[in-house]
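Participant: A single structure is presented below for examination.
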Amino acid sequence: MSARVRADVVLPFKLARQGAPWRGRLPLAAFSRLGRLVTDAGAAVDVELDFFVDDDGRTRMVGRASTRLGIECGRCLLPQVRDYVVPLDLCIVASDDAAAALVGGVEPFVLETEETTVVDLLEDDMLLALPGQVCELPETCPNRPPLDYPGDGEARTEPGRSPFAALSELKRQ
Ligand SMILES: [Zn+2]
């Protein structure tokens, strides 16, 4: 990172009090953990966020992050390029205690200072949105392994005891 002020620094509590949006495009490389898992680190992430104080007086951040990523398929080991739109809905709280006290199924984000970055706000959700298996179906994976299994007789052969050993025993009788 350069020494200049990062463009994605935000003050969520202040933005929420103002009811302000945040829109921007961030380089995927800014997401250090996510960038390690994908093959196209030159891609961009388009971010649309709205900060507001909800009816219960809580600081909320709702929006989405859109990007197009190449992720290596664990099955075929080839990068599969997909569009990802990650919905975001966080309740930003000032302490772990406040996070533990949240009700209503909202996802907490603990922020003990006024300032953070959009990358920090988004990266966990973006990581969770990555699919465990990129090629959804074995049939569509370009490099799927063969689906047939070894025959029963072969699988049950005891170590050191080949079918030929059994055959030679028969011959000796
Ligand atoms: Zn695959």
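Just remember, in the structure tokens the first chain shown is A, the second B, etc., residues are 1-based per chain, and ligands are 1-based in the order shown.
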Residues within 10 Å of ligand 1 should be enumerated using only C-alpha atoms and all ligand atoms and returned as a list in words.
Facilitator: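 The residues within 10 Å of ligand 1, counting only C-alpha atoms and all ligand atoms, are Ile71, Glu72, Cys73, Gly74, Arg75, Cys76, Leu77, Leu78, Pro79, Gln80, Gln133, Val134, Cys135, Glu136, Leu137, Pro138, Glu139, Thr140, Cys141, Pro142, Asn143, Arg144 and Pro145 of chain A.
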Participant: Skipping near chain neighbours, those fewer than 5 positions away, what residues fall within 10 Å of Leu102 (chain A) using only C-alpha atoms, listed as a list of chain:residue names?
Facilitator: A:Arg58, A:Cys91, A:Val93, A:Asp97, A:Glu107, A:Pro108
Participant: Please produce a file of those selected residues containing all heavy atoms, as a short mmCIF file (atom, residue, chain, number, x, y, z; two decimals), in the first residue's frame.
Facilitator:
data_model
loop_
_atom_site.label_atom_id
_atom_site.label_comp_id
_atom_site.auth_asym_id
_atom_site.auth_seq_id
_atom_site.Cartn_x
_atom_site.Cartn_y
_atom_site.Cartn_z
N ARG A 58 -29.89 1.50 15.49
CA ARG A 58 -28.64 0.80 15.21
C ARG A 58 -28.03 1.29 13.90
O ARG A 58 -28.75 1.66 12.96
CB ARG A 58 -28.89 -0.70 15.13
CG ARG A 58 -29.58 -1.25 16.36
CD ARG A 58 -29.89 -2.72 16.26
NE ARG A 58 -30.75 -3.05 15.14
CZ ARG A 58 -31.31 -4.25 14.97
NH1 ARG A 58 -31.07 -5.21 15.84
NH2 ARG A 58 -32.08 -4.49 13.94
N CYS A 91 -24.84 -4.86 10.76
CA CYS A 91 -25.16 -3.95 11.85
C CYS A 91 -23.83 -3.61 12.52
O CYS A 91 -23.16 -4.47 13.08
CB CYS A 91 -26.10 -4.64 12.83
SG CYS A 91 -26.70 -3.54 14.12
N VAL A 93 -21.46 -2.19 15.22
CA VAL A 93 -21.54 -1.94 16.66
C VAL A 93 -20.15 -1.58 17.18
O VAL A 93 -19.14 -1.90 16.56
CB VAL A 93 -22.09 -3.17 17.41
CG1 VAL A 93 -23.54 -3.43 17.03
CG2 VAL A 93 -21.24 -4.41 17.14
N ASP A 97 -19.57 -6.68 23.28
CA ASP A 97 -20.77 -6.78 24.12
C ASP A 97 -22.01 -6.34 23.34
O ASP A 97 -23.06 -6.97 23.42
CB ASP A 97 -20.61 -5.90 25.38
CG ASP A 97 -19.62 -6.51 26.37
OD1 ASP A 97 -19.28 -7.70 26.20
OD2 ASP A 97 -19.18 -5.79 27.28
N GLU A 107 -26.37 -9.31 11.22
CA GLU A 107 -24.97 -9.72 11.29
C GLU A 107 -24.14 -8.56 11.84
O GLU A 107 -24.13 -7.48 11.26
CB GLU A 107 -24.50 -10.09 9.87
CG GLU A 107 -23.09 -10.64 9.82
CD GLU A 107 -22.63 -10.87 8.38
OE1 GLU A 107 -23.49 -10.89 7.47
OE2 GLU A 107 -21.42 -11.00 8.17
N PRO A 108 -23.46 -8.77 12.96
CA PRO A 108 -22.70 -7.67 13.55
C PRO A 108 -21.34 -7.47 12.90
O PRO A 108 -20.72 -8.42 12.41
CB PRO A 108 -22.53 -8.11 15.00
CG PRO A 108 -22.52 -9.59 14.96
CD PRO A 108 -23.38 -10.00 13.79
#
Participant: Could you pull the residues within 6 Å of Ser95 (chain A), counting only C-alpha atoms, minus those fewer than 3 positions along the same chain, as a ChimeraX atom specification?
Facilitator: /A:98,110,112
Participant: Which is closer to Asp50 (chain A) than all the others in A:Leu28, A:Leu122, A:Ala16, A:Leu128, using only C-alpha atoms?
Facilitator: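 Smallest separation from Asp50 (chain A) among the options: A:Ala16.
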Participant: Find the residues around Ser32 (chain A) up to 10 Å (only C-alpha atoms counted), leave out those fewer than 4 positions away in its own chain, and share them as a PyMOL selection string.
Facilitator: chain A and resi 28+36-37+41+119+123
Participant: Could those residues be written to a file, using all heavy atoms, as an mmCIF file, in the first residue's frame?
Facilitator:
data_model
loop_
_atom_site.group_PDB
_atom_site.id
_atom_site.type_symbol
_atom_site.label_atom_id
_atom_site.label_comp_id
_atom_site.auth_asym_id
_atom_site.auth_seq_id
_atom_site.Cartn_x
_atom_site.Cartn_y
_atom_site.Cartn_z
ATOM 1 N N LEU A 28 -9.510 -5.468 -6.989
ATOM 2 C CA LEU A 28 -9.580 -6.727 -6.246
ATOM 3 C C LEU A 28 -8.329 -6.931 -5.400
ATOM 4 O O LEU A 28 -8.378 -7.526 -4.320
ATOM 5 C CB LEU A 28 -9.757 -7.879 -7.233
ATOM 6 C CG LEU A 28 -10.036 -9.245 -6.632
ATOM 7 C CD1 LEU A 28 -11.318 -9.242 -5.831
ATOM 8 C CD2 LEU A 28 -10.087 -10.294 -7.718
ATOM 9 N N ARG A 36 -5.917 -13.772 -2.724
ATOM 10 C CA ARG A 36 -5.093 -14.984 -2.740
ATOM 11 C C ARG A 36 -5.851 -16.182 -3.274
ATOM 12 O O ARG A 36 -5.252 -17.193 -3.630
ATOM 13 C CB ARG A 36 -4.610 -15.288 -1.317
ATOM 14 C CG ARG A 36 -3.399 -14.465 -0.901
ATOM 15 C CD ARG A 36 -2.681 -15.110 0.259
ATOM 16 N NE ARG A 36 -3.468 -15.041 1.485
ATOM 17 C CZ ARG A 36 -3.436 -14.011 2.329
ATOM 18 N NH1 ARG A 36 -2.674 -12.981 2.076
ATOM 19 N NH2 ARG A 36 -4.157 -14.023 3.429
ATOM 20 N N LEU A 37 -7.186 -16.118 -3.269
ATOM 21 C CA LEU A 37 -7.988 -17.285 -3.631
ATOM 22 C C LEU A 37 -8.459 -17.264 -5.076
ATOM 23 O O LEU A 37 -9.042 -18.229 -5.545
ATOM 24 C CB LEU A 37 -9.225 -17.367 -2.722
ATOM 25 C CG LEU A 37 -8.929 -17.514 -1.232
ATOM 26 C CD1 LEU A 37 -10.220 -17.447 -0.435
ATOM 27 C CD2 LEU A 37 -8.212 -18.820 -0.960
ATOM 28 N N ALA A 41 -6.476 -11.219 -10.246
ATOM 29 C CA ALA A 41 -6.323 -10.149 -9.266
ATOM 30 C C ALA A 41 -6.419 -8.772 -9.904
ATOM 31 O O ALA A 41 -6.429 -7.769 -9.204
ATOM 32 C CB ALA A 41 -5.001 -10.298 -8.521
ATOM 33 N N VAL A 119 -12.965 -2.144 2.360
ATOM 34 C CA VAL A 119 -12.424 -3.504 2.215
ATOM 35 C C VAL A 119 -12.673 -4.311 3.487
ATOM 36 O O VAL A 119 -13.145 -5.446 3.439
ATOM 37 C CB VAL A 119 -10.919 -3.451 1.873
ATOM 38 C CG1 VAL A 119 -10.277 -4.830 2.042
ATOM 39 C CG2 VAL A 119 -10.723 -2.960 0.445
ATOM 40 N N GLU A 123 -14.882 -7.722 3.261
ATOM 41 C CA GLU A 123 -14.111 -8.891 2.837
ATOM 42 C C GLU A 123 -14.645 -10.210 3.408
ATOM 43 O O GLU A 123 -14.675 -11.224 2.708
ATOM 44 C CB GLU A 123 -12.628 -8.720 3.180
ATOM 45 C CG GLU A 123 -11.782 -9.805 2.520
ATOM 46 C CD GLU A 123 -10.325 -9.418 2.367
ATOM 47 O OE1 GLU A 123 -9.837 -8.606 3.164
ATOM 48 O OE2 GLU A 123 -9.683 -9.953 1.436
#
Participant: Please determine, counting only C-alpha atoms, which residue among A:Thr67, A:Gln18, A:Phe31, A:Pro12 has the shortest atom-to-atom distance to Phe109 (chain A).
Facilitator: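 Of all the options, A:Pro12 lies closest to Phe109 (chain A).
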Participant: For Asp89 (chain A), which residue among A:Gly63, A:Gly24, A:Ala7, A:Thr39 is the nearest when counting only C-alpha atoms?
Facilitator: A:Gly63
Participant: Nearest to Trp22 (chain A) among A:Val106, A:Ala100, A:Val9, A:Leu69, with distances taken over only C-alpha atoms: which residue is it?
Facilitator: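 Nearest candidate to Trp22 (chain A) out of A:Val106, A:Ala100, A:Val9, A:Leu69: A:Val9.
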Participant: Can you work out which one of A:Glu48, A:Gly70, A:Asp120, A:Leu111 has the shortest atom-to-atom distance to Leu88 (chain A), counting only C-alpha atoms?
Facilitator: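 Closest to Leu88 (chain A) of all the choices is A:Glu48.
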Participant: Find the residue from A:Arg60, A:Thr117, A:Ala99, A:Phe13 that sits nearest to Ala30 (chain A); use only C-alpha atoms when measuring.
Facilitator: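 Result for the nearest residue to Ala30 (chain A): A:Thr117.
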Participant: Taking the DSSP assignment computed from this structure's backbone, write out as a VMD selection string all residues of region 25-135 of chain A that belong to strand (DSSP E or B).
Facilitator: chain A and resid 25 to 27 38 44 to 53 59 to 72 79 to 93 107 to 110 116 to 117
Participant: Please produce an output containing N, CA and C atoms for each residue in the selection, written as a tab-separated table (two decimals), in the first residue's frame.
Facilitator:
chain	number	residue	atom	x	y	z
A	25	ARG	N	-15.45	1.93	-6.86
A	25	ARG	CA	-14.87	0.75	-7.52
A	25	ARG	C	-13.50	0.53	-6.91
A	26	LEU	N	-13.29	-0.66	-6.38
A	26	LEU	CA	-12.04	-0.99	-5.71
A	26	LEU	C	-11.31	-2.08	-6.49
A	27	PRO	N	-9.99	-1.99	-6.54
A	27	PRO	CA	-9.26	-3.08	-7.18
A	27	PRO	C	-9.35	-4.34	-6.33
A	38	VAL	N	-8.24	-16.15	-5.76
A	38	VAL	CA	-8.78	-16.02	-7.10
A	38	VAL	C	-7.63	-15.83	-8.08
A	44	ALA	N	-11.96	-5.72	-10.83
A	44	ALA	CA	-12.44	-4.65	-9.95
A	44	ALA	C	-13.69	-5.11	-9.23
A	45	VAL	N	-13.94	-4.49	-8.10
A	45	VAL	CA	-15.14	-4.77	-7.31
A	45	VAL	C	-15.96	-3.49	-7.26
A	46	ASP	N	-17.16	-3.55	-7.79
A	46	ASP	CA	-18.07	-2.40	-7.74
A	46	ASP	C	-18.90	-2.48	-6.47
A	47	VAL	N	-18.89	-1.41	-5.71
A	47	VAL	CA	-19.51	-1.41	-4.38
A	47	VAL	C	-20.60	-0.34	-4.32
A	48	GLU	N	-21.76	-0.74	-3.84
A	48	GLU	CA	-22.86	0.20	-3.59
A	48	GLU	C	-23.33	-0.03	-2.16
A	49	LEU	N	-23.14	0.96	-1.33
A	49	LEU	CA	-23.51	0.83	0.09
A	49	LEU	C	-24.40	1.99	0.51
A	50	ASP	N	-25.33	1.67	1.39
A	50	ASP	CA	-26.13	2.71	2.03
A	50	ASP	C	-25.99	2.57	3.54
A	51	PHE	N	-25.62	3.66	4.18
A	51	PHE	CA	-25.50	3.68	5.63
A	51	PHE	C	-26.70	4.43	6.20
A	52	PHE	N	-27.26	3.88	7.27
A	52	PHE	CA	-28.39	4.56	7.89
A	52	PHE	C	-28.56	4.06	9.32
A	53	VAL	N	-29.32	4.79	10.09
A	53	VAL	CA	-29.68	4.38	11.44
A	53	VAL	C	-31.08	3.77	11.36
A	59	THR	N	-26.70	1.28	13.85
A	59	THR	CA	-25.99	1.68	12.63
A	59	THR	C	-25.98	0.52	11.65
A	60	ARG	N	-26.53	0.76	10.48
A	60	ARG	CA	-26.66	-0.32	9.50
A	60	ARG	C	-25.93	0.05	8.22
A	61	MET	N	-25.45	-1.01	7.55
A	61	MET	CA	-24.85	-0.85	6.23
A	61	MET	C	-25.45	-1.92	5.34
A	62	VAL	N	-26.15	-1.48	4.31
A	62	VAL	CA	-26.82	-2.40	3.40
A	62	VAL	C	-26.38	-2.07	1.99
A	63	GLY	N	-26.17	-3.10	1.19
A	63	GLY	CA	-25.78	-2.84	-0.19
A	63	GLY	C	-25.31	-4.11	-0.87
A	64	ARG	N	-24.41	-3.92	-1.83
A	64	ARG	CA	-23.91	-5.10	-2.54
A	64	ARG	C	-22.56	-4.80	-3.15
A	65	ALA	N	-21.83	-5.87	-3.38
A	65	ALA	CA	-20.55	-5.79	-4.07
A	65	ALA	C	-20.63	-6.71	-5.28
A	66	SER	N	-20.24	-6.20	-6.45
A	66	SER	CA	-20.32	-6.98	-7.68
A	66	SER	C	-18.92	-7.10	-8.28
A	67	THR	N	-18.61	-8.30	-8.73
A	67	THR	CA	-17.33	-8.48	-9.38
A	67	THR	C	-17.39	-9.71	-10.28
A	68	ARG	N	-16.34	-9.88	-11.04
A	68	ARG	CA	-16.23	-11.03	-11.93
A	68	ARG	C	-14.89	-11.67	-11.64
A	69	LEU	N	-14.93	-12.89	-11.12
A	69	LEU	CA	-13.72	-13.53	-10.62
A	69	LEU	C	-13.45	-14.84	-11.33
A	70	GLY	N	-12.17	-15.12	-11.48
A	70	GLY	CA	-11.75	-16.45	-11.89
A	70	GLY	C	-11.31	-17.22	-10.66
A	71	ILE	N	-11.99	-18.32	-10.37
A	71	ILE	CA	-11.66	-19.13	-9.20
A	71	ILE	C	-11.28	-20.52	-9.68
A	72	GLU	N	-10.20	-21.02	-9.13
A	72	GLU	CA	-9.76	-22.34	-9.55
A	72	GLU	C	-10.71	-23.40	-9.00
A	79	PRO	N	-9.23	-22.40	-13.87
A	79	PRO	CA	-9.99	-21.24	-13.41
A	79	PRO	C	-11.34	-21.16	-14.10
A	80	GLN	N	-12.37	-20.98	-13.31
A	80	GLN	CA	-13.72	-20.83	-13.85
A	80	GLN	C	-14.16	-19.40	-13.54
A	81	VAL	N	-14.48	-18.65	-14.59
A	81	VAL	CA	-14.83	-17.24	-14.40
A	81	VAL	C	-16.34	-17.12	-14.18
A	82	ARG	N	-16.69	-16.41	-13.11
A	82	ARG	CA	-18.10	-16.26	-12.76
A	82	ARG	C	-18.35	-14.81	-12.32
A	83	ASP	N	-19.59	-14.37	-12.51
A	83	ASP	CA	-20.03	-13.09	-11.93
A	83	ASP	C	-20.49	-13.36	-10.50
A	84	TYR	N	-20.06	-12.49	-9.60
A	84	TYR	CA	-20.50	-12.60	-8.21
A	84	TYR	C	-21.15	-11.31	-7.78
A	85	VAL	N	-22.33	-11.42	-7.23
A	85	VAL	CA	-22.99	-10.27	-6.61
A	85	VAL	C	-23.23	-10.67	-5.16
A	86	VAL	N	-22.55	-9.99	-4.27
A	86	VAL	CA	-22.60	-10.36	-2.85
A	86	VAL	C	-23.49	-9.36	-2.13
A	87	PRO	N	-24.64	-9.81	-1.60
A	87	PRO	CA	-25.48	-8.90	-0.82
A	87	PRO	C	-24.85	-8.63	0.53
A	88	LEU	N	-24.98	-7.41	0.99
A	88	LEU	CA	-24.35	-6.99	2.25
A	88	LEU	C	-25.41	-6.41	3.16
A	89	ASP	N	-25.39	-6.82	4.42
A	89	ASP	CA	-26.34	-6.29	5.39
A	89	ASP	C	-25.70	-6.45	6.77
A	90	LEU	N	-25.06	-5.39	7.23
A	90	LEU	CA	-24.34	-5.43	8.50
A	90	LEU	C	-24.95	-4.47	9.50
A	91	CYS	N	-24.84	-4.86	10.76
A	91	CYS	CA	-25.16	-3.95	11.85
A	91	CYS	C	-23.83	-3.61	12.52
A	92	ILE	N	-23.44	-2.35	12.44
A	92	ILE	CA	-22.12	-1.95	12.92
A	92	ILE	C	-22.24	-1.51	14.38
A	93	VAL	N	-21.46	-2.19	15.22
A	93	VAL	CA	-21.54	-1.94	16.66
A	93	VAL	C	-20.15	-1.58	17.18
A	107	GLU	N	-26.37	-9.31	11.22
A	107	GLU	CA	-24.97	-9.72	11.29
A	107	GLU	C	-24.14	-8.56	11.84
A	108	PRO	N	-23.46	-8.77	12.96
A	108	PRO	CA	-22.70	-7.67	13.55
A	108	PRO	C	-21.34	-7.47	12.90
A	109	PHE	N	-20.89	-6.23	12.90
A	109	PHE	CA	-19.52	-5.90	12.54
A	109	PHE	C	-19.02	-4.99	13.66
A	110	VAL	N	-18.02	-5.48	14.39
A	110	VAL	CA	-17.52	-4.73	15.54
A	110	VAL	C	-16.49	-3.71	15.06
A	116	THR	N	-12.86	3.00	9.43
A	116	THR	CA	-12.45	1.71	8.90
A	116	THR	C	-12.34	1.85	7.39
A	117	THR	N	-12.17	0.72	6.70
A	117	THR	CA	-12.13	0.77	5.24
A	117	THR	C	-13.28	-0.07	4.69
Participant: Going by DSSP on the backbone, which bits of region 18-125 of chain A are helix (DSSP H, G or I)? Write them as a list in words, please.
Facilitator: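 Taking region 18-125 of chain A and keeping helix (DSSP H, G or I) only, one gets Gln18, Leu28, Ala29, Ala30, Ser32, Arg33, Leu34, Gly35, Asp96, Asp97, Ala98, Ala99, Ala100, Val118, Val119, Asp120, Leu121, Leu122, Glu123, Asp124 and Asp125 of chain A.
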Participant: What does the file look like for those residues with N, CA and C atoms, as a PDB file, in the first residue's frame?
Facilitator:
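Contents of the output file result-v3.pdb:
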ATOM      1  N   GLN A  18     -25.764  10.557   8.858  1.00  0.00           N
ATOM      2  CA  GLN A  18     -26.086  11.433   7.719  1.00  0.00           C
ATOM      3  C   GLN A  18     -27.012  10.751   6.715  1.00  0.00           C
ATOM      4  N   LEU A  28      -9.510  -5.468  -6.989  1.00  0.00           N
ATOM      5  CA  LEU A  28      -9.580  -6.727  -6.246  1.00  0.00           C
ATOM      6  C   LEU A  28      -8.329  -6.931  -5.400  1.00  0.00           C
ATOM      7  N   ALA A  29      -7.210  -6.402  -5.879  1.00  0.00           N
ATOM      8  CA  ALA A  29      -5.945  -6.558  -5.151  1.00  0.00           C
ATOM      9  C   ALA A  29      -5.997  -5.923  -3.769  1.00  0.00           C
ATOM     10  N   ALA A  30      -6.932  -4.994  -3.554  1.00  0.00           N
ATOM     11  CA  ALA A  30      -7.056  -4.362  -2.232  1.00  0.00           C
ATOM     12  C   ALA A  30      -7.604  -5.353  -1.204  1.00  0.00           C
ATOM     13  N   SER A  32      -6.905  -8.379   0.365  1.00  0.00           N
ATOM     14  CA  SER A  32      -5.704  -9.221   0.375  1.00  0.00           C
ATOM     15  C   SER A  32      -6.031 -10.699   0.551  1.00  0.00           C
ATOM     16  N   ARG A  33      -6.999 -11.017   1.414  1.00  0.00           N
ATOM     17  CA  ARG A  33      -7.324 -12.441   1.624  1.00  0.00           C
ATOM     18  C   ARG A  33      -8.059 -13.013   0.424  1.00  0.00           C
ATOM     19  N   LEU A  34      -9.008 -12.261  -0.097  1.00  0.00           N
ATOM     20  CA  LEU A  34      -9.771 -12.715  -1.266  1.00  0.00           C
ATOM     21  C   LEU A  34      -8.852 -12.861  -2.472  1.00  0.00           C
ATOM     22  N   GLY A  35      -7.933 -11.904  -2.637  1.00  0.00           N
ATOM     23  CA  GLY A  35      -7.052 -11.907  -3.795  1.00  0.00           C
ATOM     24  C   GLY A  35      -6.185 -13.150  -3.881  1.00  0.00           C
ATOM     25  N   ASP A  96     -17.771  -5.832  21.343  1.00  0.00           N
ATOM     26  CA  ASP A  96     -18.214  -7.225  21.324  1.00  0.00           C
ATOM     27  C   ASP A  96     -19.480  -7.410  22.156  1.00  0.00           C
ATOM     28  N   ASP A  97     -19.570  -6.681  23.282  1.00  0.00           N
ATOM     29  CA  ASP A  97     -20.766  -6.779  24.120  1.00  0.00           C
ATOM     30  C   ASP A  97     -22.007  -6.340  23.344  1.00  0.00           C
ATOM     31  N   ALA A  98     -21.869  -5.247  22.597  1.00  0.00           N
ATOM     32  CA  ALA A  98     -23.000  -4.765  21.797  1.00  0.00           C
ATOM     33  C   ALA A  98     -23.357  -5.777  20.721  1.00  0.00           C
ATOM     34  N   ALA A  99     -22.339  -6.445  20.169  1.00  0.00           N
ATOM     35  CA  ALA A  99     -22.598  -7.466  19.148  1.00  0.00           C
ATOM     36  C   ALA A  99     -23.371  -8.631  19.747  1.00  0.00           C
ATOM     37  N   ALA A 100     -22.970  -9.043  20.975  1.00  0.00           N
ATOM     38  CA  ALA A 100     -23.629 -10.177  21.631  1.00  0.00           C
ATOM     39  C   ALA A 100     -25.068  -9.848  22.005  1.00  0.00           C
ATOM     40  N   VAL A 118     -13.692   0.252   3.478  1.00  0.00           N
ATOM     41  CA  VAL A 118     -14.733  -0.538   2.821  1.00  0.00           C
ATOM     42  C   VAL A 118     -14.255  -1.975   2.642  1.00  0.00           C
ATOM     43  N   VAL A 119     -12.965  -2.144   2.360  1.00  0.00           N
ATOM     44  CA  VAL A 119     -12.424  -3.504   2.215  1.00  0.00           C
ATOM     45  C   VAL A 119     -12.673  -4.311   3.487  1.00  0.00           C
ATOM     46  N   ASP A 120     -12.369  -3.724   4.643  1.00  0.00           N
ATOM     47  CA  ASP A 120     -12.579  -4.442   5.902  1.00  0.00           C
ATOM     48  C   ASP A 120     -14.058  -4.755   6.130  1.00  0.00           C
ATOM     49  N   LEU A 121     -14.922  -3.831   5.766  1.00  0.00           N
ATOM     50  CA  LEU A 121     -16.356  -4.043   5.961  1.00  0.00           C
ATOM     51  C   LEU A 121     -16.872  -5.194   5.092  1.00  0.00           C
ATOM     52  N   LEU A 122     -16.274  -5.366   3.912  1.00  0.00           N
ATOM     53  CA  LEU A 122     -16.831  -6.283   2.930  1.00  0.00           C
ATOM     54  C   LEU A 122     -16.162  -7.647   2.861  1.00  0.00           C
ATOM     55  N   GLU A 123     -14.882  -7.722   3.261  1.00  0.00           N
ATOM     56  CA  GLU A 123     -14.111  -8.891   2.837  1.00  0.00           C
ATOM     57  C   GLU A 123     -14.645 -10.210   3.408  1.00  0.00           C
ATOM     58  N   ASP A 124     -15.089 -10.232   4.673  1.00  0.00           N
ATOM     59  CA  ASP A 124     -15.608 -11.486   5.231  1.00  0.00           C
ATOM     60  C   ASP A 124     -16.794 -12.003   4.428  1.00  0.00           C
ATOM     61  N   ASP A 125     -17.728 -11.106   4.117  1.00  0.00           N
ATOM     62  CA  ASP A 125     -18.905 -11.536   3.362  1.00  0.00           C
ATOM     63  C   ASP A 125     -18.523 -12.001   1.961  1.00  0.00           C
TER      64      ASP A 125
END
Participant: Could you tell me how far CA of Pro21 (chain A) lies from CA of Ala129 (chain A), in Å and to one decimal?
Facilitator: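 Between CA of Pro21 (chain A) and CA of Ala129 (chain A) the gap works out to 22.8 Å.
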